[in-house]
Amino acid sequence: MSHAHTDAHDPSNVTNPEHAEHHIVTPLQYVYVFVTLLVGTGITVGAAYVDMGVLNPIVALAIACFKASIVILFFMHAAYQSRLIKITIASGFFVFLVLIAMTMTDYLSRTWGLW
Amino acid sequence: MDSALTTPHTHEAHAHEHEHISLPQHRHHFETEEQQREAGSFGMWLFLLTEIMFFGGMFFAYLLYRNWYYPAFAAASNQLNVPMGATNTVILISSGFFMALGVWASEVRKKKTLVIMLLLTTIFGCAFLGVKYFEYKEKYELHHIPGNNFSIAMFVNPQNYPQYPDTYAEKPLAPDMAQKTQIFFFLYFAMTGMHALHMIIGIGLLVWLIIRAQRGDFTNGYVAPIENFGLYWHFVDIVWLFLFPLLYLINRHPLH
């Protein structure tokens with residue numbers, strides 16, 4: 001019971017550690033990410049010259065999203081950050097997608113059938 | 001229980017119990033080093049999210065106009081130089097890789113390695129801008145810079161350009177649709193130009209970081225400036241990872 005006061009002022013996070021353990025990503029992990037990114041670039045250029053119809057832009061964007069994800073997770077250390085930072089990043093991207101989707105819905109529905 | 005009752009719960013008591021090595025860069029308004037570091041990362045991420053919204057507006061404009069003027073966008077996009085774009089992607093990924101190694105070198109306090117990694121990051125960043133210069137130069141020579149001197153000749157008469165195989169293979173566009181290629185090039189210059197501006201700012205910051213790293217500022221446990229600059233540099237990489245497929249690649253097999 002006497003800890004109630006301690007919990008209210010606990011800047012060092014002794015009772016409830018919320019800060020992520022400080023983590024140093026090793027050079028070998030960076031090499032894996034680097035090679036994956038190079039392979040991804042090769043695949044995306046190769047895929048552009050294969051006729052997949054409507055799938056071409058979708059495949060290109062899927063590869064770009066995958067590459068961006070591993071850059072964010074490992075080069076930018078998001079995978080090792082606290083929950084506060086992880087959820088901030090995720091909510092930022094979510095808001096971005098909402099803005100794109102709603103604006104696009106507006107533009108496309110206004111000119112529906114007129115193009 | 002006993003200790004909780006006898007120890008006064010003051011800041012000083014806690015600071016004493018969990019004291020870390022006191023470094024000059026540790027600001028007094030942060031209770032711990034970790035708190036200071038996390039607050040810095042958090043602020044940097046918030047800034048980068050505003051940057052996503054900023055570039056997002058241009059990405060959205062590209063998406064919309066590509067839907068509206070699809071034939072013009074396909075023809076104009078196929079005039080871009082894929083080998084140069086792919087080379088630049090590899091150059092930028094390499095630059096990001098060296099930046100990541102720089103953060104590692106700063107963490108493990110290797111001053112010489114840190115300086116070398118930052119120099120390599122800068123060199124690859126400059127190489128990217130060099131390739132971009134030749135791409136812009138080609139657009140200038142072909143009158144593909146929007147404005148008074150913009151020319152639709154390549155798009156209404158592609159058969160006159162056998163030296164550009166991708167253009168030569170295109171179907172000619174009607175003059176009114178061909179005019180819309182100007183919107184593509186406007187967005188191309190706006191997006192790649194803003195990206196290049198971010199890189200120029202980044203290279204300026206890198207020079208400053210190299211000078212300070214050489215002085216030993218970032219190999220004494222003070223990693224935050226290197227880490228947060230790394231976040232910025234990787235963000236600029238990510239923007240290019242989307243620009244390259246969207247501008248250069250996705251129209252190689254246009255739907256008819």
# chains A, B, ... in the order shown; residues from 1 in each chain; ligands from 1
>>> interface_residues(of="chain B", to="chain A", cutoff="8 Å", atoms="only C-alpha atoms", output="PyMOL selection string")
chain B and resi 1+4-5+9+14-15+18+31-32+34-35+38+41-42+45-46+49+52-53+56+60+64+68+86+89-90+93-94+96-97+100-101+104+107+230-231+234+238+241-242+245-246+249-255
>>> select_by_dssp(residues="segment 6-112 of chain A", states="alpha helix (DSSP H)", output="PyMOL selection string")
chain A and resi 6-8+27-48+55-70+83-110
>>> closest_residue(among="B:Phe59, B:Phe134, B:Asn78, B:His26", to="Glu170 of chain B", atoms="only C-alpha atoms")
B:Asn78
>>> residues_around(residues="Asp217 of chain B", least_positions_apart="5", cutoff="12 Å", atoms="only C-alpha atoms", output="ChimeraX atom specification")
/B:23-25,106,109-111,114-115,208-212,222-226
>>> atom_distance(atom1="atom CA of Ala105 of chain B", atom2="atom CA of Met117 of chain B")
8.2 Å
>>> residues_around(residues="segment 152-157 of chain B", least_positions_apart="2", cutoff="8 Å", atoms="only C-alpha atoms", output="list in words")
Ala75, Ala76, Phe150, Gln159, Asn160, Tyr161, Thr167, Pro172, Leu173, Ala174, Pro175, Ala178, Gln179 and Thr181 of chain B
>>> closest_residue(among="B:His29, B:Thr50, B:Val103, B:Asn67", to="Phe235 of chain B", atoms="only C-alpha atoms")
B:Thr50
>>> atom_distance(atom1="atom CA of Ala127 of chain B", atom2="atom CA of Leu92 of chain B")
8.7 Å
>>> closest_residue(among="A:Val98, A:Ala62, A:Ile43, A:Ile70", to="Gln29 of chain A", atoms="only C-alpha atoms")
A:Ile70
